[in-house]
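**Q** CSV, C-alpha atoms, file entry-v3.csv:
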chain,number,residue,atom,x,y,z
A,1,MET,CA,-14.9,17.2,4.0
A,2,LEU,CA,-18.0,15.4,5.1
A,3,GLU,CA,-20.1,18.1,3.4
A,4,SER,CA,-18.2,17.5,0.2
A,5,ILE,CA,-18.7,13.7,0.4
A,6,HIS,CA,-22.5,14.2,1.1
A,7,ALA,CA,-22.7,16.6,-1.9
A,8,GLN,CA,-21.1,14.1,-4.2
A,9,ALA,CA,-22.8,11.0,-2.9
A,10,ASP,CA,-26.2,11.7,-1.5
A,11,GLY,CA,-29.0,10.4,-3.8
A,12,LYS,CA,-26.5,8.9,-6.2
A,13,GLY,CA,-25.6,5.4,-6.9
A,14,GLU,CA,-21.9,6.2,-6.8
A,15,GLY,CA,-19.7,9.1,-5.6
A,16,HIS,CA,-16.0,9.7,-6.0
A,17,PHE,CA,-13.8,11.4,-3.5
A,18,ALA,CA,-10.0,11.7,-3.6
A,19,LEU,CA,-8.3,12.0,-0.2
A,20,LYS,CA,-4.9,13.2,0.7
A,21,LEU,CA,-4.2,11.8,4.1
A,22,THR,CA,-1.8,14.7,4.7
A,23,ALA,CA,-4.9,16.9,4.8
A,24,LEU,CA,-5.8,15.1,8.0
A,25,ILE,CA,-2.5,14.2,9.4
A,26,SER,CA,0.6,16.4,9.5
A,27,THR,CA,3.5,15.7,7.2
A,28,ASP,CA,5.8,15.4,10.2
A,29,THR,CA,3.6,12.7,11.8
A,30,MET,CA,3.2,10.9,8.5
A,31,THR,CA,7.0,10.9,8.0
A,32,ARG,CA,7.7,9.5,11.5
A,33,LEU,CA,4.9,6.9,11.1
A,34,SER,CA,6.4,5.9,7.7
A,35,ARG,CA,9.9,5.6,9.1
A,36,ALA,CA,8.7,3.4,11.9
A,37,GLN,CA,6.6,1.2,9.5
A,38,GLN,CA,9.6,0.8,7.2
A,39,VAL,CA,11.9,-0.2,10.1
A,40,PHE,CA,9.2,-2.7,11.3
A,41,MET,CA,8.9,-4.2,7.8
A,42,ASN,CA,12.5,-4.2,6.7
A,43,ASP,CA,14.6,-4.4,9.8
A,44,ILE,CA,12.5,-6.3,12.2
A,45,LEU,CA,10.6,-8.5,9.8
A,46,LYS,CA,13.3,-8.6,7.2
A,47,PHE,CA,10.9,-8.0,4.3
A,48,ASP,CA,13.7,-7.0,1.9
A,49,LYS,CA,16.3,-9.4,3.2
A,50,GLN,CA,15.1,-12.8,4.0
A,51,THR,CA,12.2,-15.1,3.4
A,52,PRO,CA,10.6,-16.8,5.2
A,53,ILE,CA,11.3,-15.8,8.8
A,54,ASP,CA,10.4,-17.7,12.0
A,55,ILE,CA,9.6,-16.6,15.5
A,56,SER,CA,13.2,-16.8,16.6
A,57,ASP,CA,14.1,-14.2,13.9
A,58,LEU,CA,11.4,-11.9,15.2
A,59,ARG,CA,12.6,-12.5,18.8
A,60,ASN,CA,16.2,-11.7,17.8
A,61,SER,CA,15.2,-8.6,15.9
A,62,LEU,CA,13.2,-7.2,18.8
A,63,LEU,CA,16.0,-7.9,21.3
A,64,GLU,CA,18.6,-6.3,19.0
A,65,ARG,CA,16.5,-3.1,19.2
A,66,GLY,CA,16.1,-3.4,22.9
A,67,ILE,CA,12.3,-3.9,22.7
A,68,GLN,CA,10.9,-5.7,25.7
A,69,PHE,CA,8.2,-8.4,25.4
A,70,ARG,CA,6.7,-11.3,27.1
A,71,GLN,CA,6.6,-14.7,25.4
A,72,GLU,CA,2.8,-14.6,25.0
A,73,GLU,CA,3.1,-11.2,23.4
A,74,LEU,CA,5.7,-12.5,20.9
A,75,ASP,CA,3.5,-15.5,20.1
A,76,GLN,CA,0.4,-13.3,19.6
A,77,LEU,CA,2.2,-10.9,17.3
A,78,PHE,CA,3.7,-13.7,15.2
A,79,ARG,CA,0.4,-15.4,14.9
A,80,SER,CA,-1.4,-12.2,14.0
A,81,LEU,CA,1.0,-11.7,11.0
A,82,GLN,CA,0.4,-15.2,9.6
A,83,PHE,CA,-2.5,-15.9,7.3
A,84,GLU,CA,-5.3,-17.9,9.0
A,85,HIS,CA,-4.6,-21.1,7.0
A,86,ASN,CA,-0.9,-21.0,7.7
A,87,GLU,CA,-0.2,-23.8,10.2
A,88,THR,CA,3.6,-23.7,9.7
A,89,GLU,CA,6.1,-22.0,12.0
A,90,GLU,CA,7.1,-19.6,9.3
A,91,LEU,CA,6.1,-16.2,8.0
A,92,SER,CA,6.2,-15.5,4.3
A,93,ARG,CA,7.0,-12.3,2.6
A,94,LEU,CA,3.4,-12.1,1.3
A,95,GLU,CA,2.1,-12.4,4.9
A,96,ILE,CA,4.4,-9.6,5.9
A,97,TYR,CA,3.2,-7.4,3.0
A,98,ALA,CA,-0.4,-8.1,3.9
A,99,ASN,CA,-0.5,-8.0,7.7
A,100,ALA,CA,2.5,-6.1,9.1
A,101,HIS,CA,0.8,-2.8,10.1
A,102,LEU,CA,2.4,-1.0,13.0
A,103,LEU,CA,-0.4,1.6,13.2
A,104,GLN,CA,-3.5,-0.6,13.5
A,105,LEU,CA,-6.7,1.3,12.5
A,106,ASP,CA,-8.8,-1.4,14.2
A,107,SER,CA,-8.4,-0.7,18.0
A,108,GLU,CA,-9.0,-4.3,18.8
A,109,ARG,CA,-5.8,-5.3,16.9
A,110,ARG,CA,-3.6,-2.8,18.8
A,111,SER,CA,-1.3,-4.2,21.5
A,112,GLY,CA,1.2,-3.1,24.0
A,113,LEU,CA,4.0,-4.8,22.1
A,114,LEU,CA,3.1,-3.0,18.8
A,115,HIS,CA,3.1,0.2,20.8
A,116,ARG,CA,6.6,-0.5,22.2
A,117,ILE,CA,7.8,-1.5,18.7
A,118,ALA,CA,6.6,1.8,17.3
A,119,ILE,CA,8.6,3.7,20.0
A,120,GLY,CA,11.5,1.4,19.3
A,121,CYS,CA,11.3,2.0,15.6
A,122,GLY,CA,11.6,5.8,16.1
A,123,VAL,CA,8.0,7.0,15.7
A,124,GLY,CA,8.8,9.4,18.5
A,125,VAL,CA,11.2,10.0,21.3
A,126,SER,CA,8.6,9.2,24.0
A,127,GLU,CA,5.2,7.6,24.4
A,128,ASP,CA,3.8,11.1,24.5
A,129,ASP,CA,4.6,11.5,20.9
A,130,LEU,CA,2.3,8.6,19.8
B,131,MET,CA,-15.4,5.5,-3.8
B,132,LEU,CA,-12.5,6.8,-1.8
B,133,TYR,CA,-9.3,7.4,-3.7
B,134,VAL,CA,-6.3,7.5,-1.3
B,135,ASP,CA,-3.6,9.6,-2.9
B,136,ALA,CA,0.0,8.5,-3.0
B,137,GLU,CA,2.7,10.9,-1.8
B,138,GLN,CA,6.5,11.1,-1.5
B,139,THR,CA,8.3,7.9,-0.4
B,140,PHE,CA,9.3,9.4,2.9
B,141,MET,CA,5.7,9.3,4.1
B,142,GLN,CA,4.2,6.7,1.7
B,143,ALA,CA,4.7,3.6,3.9
B,144,ALA,CA,2.2,4.9,6.4
B,145,ILE,CA,-0.2,5.9,3.7
B,146,GLU,CA,0.1,2.4,2.1
B,147,SER,CA,-0.4,0.7,5.5
B,148,CYS,CA,-3.6,2.7,6.2
B,149,GLY,CA,-4.9,2.2,2.6
B,150,GLN,CA,-4.3,-1.6,2.8
B,151,GLN,CA,-6.1,-2.0,6.1
B,152,LEU,CA,-9.1,0.0,4.8
B,153,THR,CA,-9.1,-2.1,1.6
B,154,HIS,CA,-9.0,-5.4,3.6
B,155,LYS,CA,-12.0,-4.2,5.6
B,156,TYR,CA,-14.2,-2.3,3.1
B,157,ASN,CA,-13.6,-3.9,-0.4
B,158,ARG,CA,-15.8,-6.9,0.4
B,159,GLY,CA,-18.8,-8.5,-1.2
B,160,ASP,CA,-19.7,-6.5,-4.3
B,161,GLN,CA,-18.0,-3.3,-3.0
B,162,HIS,CA,-14.8,-1.6,-4.1
B,163,ILE,CA,-14.9,1.4,-1.9
B,164,ILE,CA,-11.2,2.0,-1.3
B,165,MET,CA,-8.9,2.8,-4.3
B,166,ASN,CA,-5.2,3.0,-3.5
B,167,GLY,CA,-2.7,4.8,-5.7
B,168,TYR,CA,0.2,2.8,-7.1
B,169,GLN,CA,3.1,4.9,-8.4
B,170,CYS,CA,4.7,3.1,-11.3
B,171,TYR,CA,7.7,5.5,-11.5
B,172,LEU,CA,8.9,3.6,-8.4
B,173,LYS,CA,11.2,0.7,-8.9
B,174,ARG,CA,9.5,-1.3,-6.2
B,175,MET,CA,6.1,-1.1,-7.8
B,176,ARG,CA,6.2,-4.3,-9.9
B,177,GLN,CA,6.7,-6.3,-6.8
B,178,VAL,CA,4.0,-4.3,-4.9
B,179,ILE,CA,1.4,-4.9,-7.5
B,180,GLN,CA,2.3,-8.7,-7.6
B,181,TYR,CA,1.9,-8.8,-3.8
B,182,GLU,CA,-1.3,-6.8,-3.9
B,183,VAL,CA,-3.0,-9.1,-6.4
B,184,ALA,CA,-1.8,-12.2,-4.6
B,185,THR,CA,-3.0,-10.8,-1.2
B,186,SER,CA,-6.4,-10.0,-2.6
B,187,LYS,CA,-6.8,-13.7,-3.6
B,188,VAL,CA,-5.6,-15.0,-0.2
B,189,LEU,CA,-7.7,-12.6,1.9
B,190,GLY,CA,-10.7,-12.6,-0.4
B,191,TYR,CA,-11.1,-8.8,-0.8
B,192,ASN,CA,-11.8,-7.0,-4.1
B,193,LEU,CA,-8.9,-5.2,-5.7
B,194,GLY,CA,-9.1,-1.4,-5.8
B,195,VAL,CA,-6.1,-0.1,-7.8
B,196,LYS,CA,-5.6,3.4,-9.1
B,197,LEU,CA,-2.6,3.0,-11.4
B,198,ILE,CA,-0.5,6.2,-11.8
B,199,ARG,CA,3.0,7.1,-12.9
B,200,GLY,CA,3.7,9.5,-10.1
B,201,ALA,CA,4.2,13.2,-9.5
B,202,TYR,CA,7.3,13.7,-7.4
B,203,MET,CA,10.1,12.4,-9.6
B,204,ASN,CA,12.4,15.5,-9.3
B,205,GLU,CA,12.0,15.7,-5.6
B,206,GLU,CA,12.6,12.0,-5.1
B,207,ARG,CA,15.8,12.1,-7.1
B,208,THR,CA,17.0,15.2,-5.3
B,209,LEU,CA,16.3,13.8,-1.8
B,210,ALA,CA,18.1,10.5,-2.8
B,211,GLN,CA,21.1,12.4,-4.0
B,212,GLU,CA,21.3,14.7,-0.9
B,213,ASN,CA,20.9,11.9,1.5
B,214,GLY,CA,23.1,9.3,-0.2
B,215,TYR,CA,20.6,6.5,-1.1
B,216,GLU,CA,19.6,5.0,-4.4
B,217,SER,CA,16.8,6.9,-6.2
B,218,PRO,CA,13.5,5.0,-5.7
B,219,VAL,CA,12.4,6.3,-9.1
B,220,TRP,CA,13.2,4.6,-12.5
B,221,SER,CA,16.1,6.3,-14.4
B,222,SER,CA,14.2,6.6,-17.6
B,223,ILE,CA,10.7,7.3,-18.9
B,224,GLU,CA,10.8,4.1,-20.9
B,225,GLU,CA,11.3,2.1,-17.6
B,226,THR,CA,8.4,3.9,-16.1
B,227,HIS,CA,6.2,3.2,-19.1
B,228,ALA,CA,7.2,-0.5,-19.0
B,229,CYS,CA,6.4,-0.7,-15.3
B,230,TYR,CA,3.0,1.0,-15.8
B,231,ASN,CA,2.0,-1.2,-18.7
B,232,ASP,CA,3.3,-4.4,-17.1
B,233,ASN,CA,1.3,-3.7,-13.9
B,234,MET,CA,-1.8,-2.8,-15.9
B,235,LEU,CA,-1.6,-6.1,-17.7
B,236,HIS,CA,-1.1,-8.0,-14.5
B,237,VAL,CA,-4.1,-6.4,-12.8
B,238,ILE,CA,-6.4,-6.8,-15.8
B,239,GLU,CA,-5.4,-10.4,-16.1
B,240,HIS,CA,-6.4,-11.1,-12.5
B,241,LEU,CA,-9.3,-8.6,-12.1
B,242,GLU,CA,-12.4,-10.3,-10.8
B,243,GLU,CA,-16.0,-9.1,-11.3
B,244,ASN,CA,-16.1,-7.0,-8.2
B,245,GLY,CA,-12.6,-5.5,-8.4
B,246,LEU,CA,-11.8,-2.2,-10.0
B,247,LEU,CA,-8.9,-0.8,-11.9
B,248,PHE,CA,-8.6,2.9,-12.5
B,249,VAL,CA,-6.3,3.7,-15.4
B,250,ALA,CA,-5.2,7.2,-14.4
B,251,SER,CA,-3.0,8.1,-17.4
B,252,HIS,CA,-2.6,10.7,-20.0
B,253,ASN,CA,-0.5,8.3,-22.1
B,254,GLN,CA,-2.2,7.3,-25.2
B,255,SER,CA,-0.3,4.1,-25.6
B,256,SER,CA,-1.2,2.9,-22.1
B,257,VAL,CA,-4.9,3.7,-22.7
B,258,ASP,CA,-4.8,1.9,-26.1
B,259,GLN,CA,-3.2,-1.1,-24.4
B,260,ALA,CA,-5.8,-1.1,-21.7
B,261,THR,CA,-8.6,-0.9,-24.2
B,262,GLU,CA,-7.2,-3.9,-26.1
B,263,LEU,CA,-6.8,-5.9,-22.9
B,264,ILE,CA,-10.4,-5.2,-21.9
B,265,ARG,CA,-11.5,-6.4,-25.3
B,266,GLN,CA,-9.3,-9.5,-25.1
B,267,ARG,CA,-10.7,-10.4,-21.6
B,268,GLY,CA,-14.2,-9.7,-22.9
B,269,PHE,CA,-15.2,-7.4,-20.1
B,270,ARG,CA,-18.7,-6.1,-20.6
B,271,ASP,CA,-18.9,-4.2,-17.3
B,272,HIS,CA,-17.1,-1.2,-15.8
B,273,ARG,CA,-14.4,-2.9,-13.8
B,274,VAL,CA,-11.7,-0.9,-15.7
B,275,ARG,CA,-12.2,2.8,-15.8
B,276,PHE,CA,-10.1,5.7,-17.2
B,277,GLY,CA,-9.4,9.1,-15.8
B,278,GLN,CA,-7.2,12.1,-16.6
B,279,LEU,CA,-6.4,15.4,-14.9
B,280,LYS,CA,-8.1,18.2,-16.7
B,281,ALA,CA,-5.6,20.2,-18.9
B,282,PHE,CA,-2.8,17.7,-18.5
B,283,SER,CA,-1.1,15.7,-21.2
B,284,ASP,CA,1.8,13.2,-21.3
Let me see the file written as structure tokens.
**A**
Amino acid sequence: MLESIHAQADGKGEGHFALKLTALISTDTMTRLSRAQQVFMNDILKFDKQTPIDISDLRNSLLERGIQFRQEELDQLFRSLQFEHNETEELSRLEIYANAHLLQLDSERRSGLLHRIAIGCGVGVSEDDL
Amino acid sequence: MLYVDAEQTFMQAAIESCGQQLTHKYNRGDQHIIMNGYQCYLKRMRQVIQYEVATSKVLGYNLGVKLIRGAYMNEERTLAQENGYESPVWSSIEETHACYNDNMLHVIEHLEENGLLFVASHNQSSVDQATELIRQRGFRDHRVRFGQLKAFSD
């Protein structure tokens, strides 16, 4: 794949490469990640059901699914979902669309709580599956 | 540019999440490196495009939109029927055309200088409409591009 990218891009102002992520990640893994992401968005953050939500909605959603958390973890997660300029106690649907990513590509944005939510949302049957 | 292909809905949420995060990080300054695929045969896609345009304005990244109709219509309908949920795909081709063209209009209306729309369509009407919208907005650059699969037609 890298050779293809080099062949198309080296020495040129622009190169175009189409990527099927399923070429890199198995369909089974993508399906389980998708299911977990959808549960996170729609069941826990109520993207399709209610807008806006507040931190008590998030707390209740996590408790309903039996996901353990400390108060500071909850606060941190809620704040990470809000836009920087949002100083209210609410989370809008647009913020959920933009920022609710269970599988964080940036390792610095991963957290123990997101990890437990992923397990709780059915990404696998145990932590070994992650 | 990296075009992230869209897939069936049972695995698309993870793809969208990865694509969004990459877009937020890399489509900055004068760059539009990440181009995500938006399947307009999906009923949810009008809302998604509205959110994507709005998010780009709030977070300050450049739009990277590859607008497509979609390739898994029969499979999506069969899976929905077998598993007892509403089909995620529009019932008619006319609804799909309308969704595609409405989304194309919305993106072009909000497309900034460093954003990029890739009109991936074999449909002459959509291409004609895009051409007219480009003319109306007075674009003199290449922020809207066109592409077709070789040997395909609508």
**Q** For A:Phe40, list every protein, DNA or RNA residue within 12 Å, evaluated using all atoms listed in the file, and leave out those in the same chain fewer than 5 positions away; present the list as an NGL selection string.
**A** (:A and (33-35 or 45-48 or 58 or 61-62 or 65 or 67 or 96-97 or 99-103 or 114-123)) or (:B and (143-144 or 147))
**Q** Please identify all residues of chain B having at least one atom at most 12 Å from any atom of chain A, considering all atoms listed in the file, and return them as a count of residues only.
**A** 51
**Q** Neighbours of B:Gly200 within 12 Å (all atoms listed in the file; same-chain residues fewer than 4 positions away dropped), as number ranges by chain?
**A** B: 135-139, 167-173, 175, 196, 204-206, 218-220, 223, 226-227, 229-230, 250-252, 284
**Q** Name the residues within 10 Å of (-21.3, -5.0, -4.1), counting only C-alpha atoms in the file's coordinates, and put them as JSON, numbers by chain.
**A** {"B": [157, 158, 159, 160, 161, 162, 163, 192, 243, 244, 245]}
**Q** Identify which of the residues A:Asp43, A:Leu113, A:Pro52, A:Glu87 lies closest to A:Gln71, counting all atoms listed in the file when measuring atom-to-atom distances.
**A**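 Closest candidate: A:Leu113.
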**Q** Would you compute the distance between atom CA of B:Leu247 and atom CA of B:Glu225? Give it in Å to one decimal.
**A**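 Atom-to-atom, atom CA of B:Leu247 to atom CA of B:Glu225, that is 21.2 Å.
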**Q** Using only C-alpha atoms, which protein or nucleic acid residues come within 12 Å of B:Gln259? Drop anything in the same chain fewer than 3 positions from it, and give the result as a PyMOL selection string.
**A** chain B and resi 227-228+230-235+238+249+251+253-256+262-266
**Q** Atom CA of B:Leu193 to atom CA of B:Leu241: how many Å, to one decimal?
**A**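 Atom-to-atom, atom CA of B:Leu193 to atom CA of B:Leu241, that is 7.3 Å.
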**Q** For a test of reading the model, state the distance in Å between atom CA of A:Ser26 and atom CA of A:Gly124, rounded to one decimal.
**A**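 Answer for the atom CA of A:Ser26 to atom CA of A:Gly124 separation: 14.0 Å.
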**Q** Measuring atom to atom with all atoms listed in the file, identify which of A:Gln76, A:Gln68, A:Thr51, A:Ser107 is nearest to A:Leu91.
**A**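 Of A:Gln76, A:Gln68, A:Thr51, A:Ser107, the one nearest A:Leu91 is A:Thr51, counting all atoms listed in the file.
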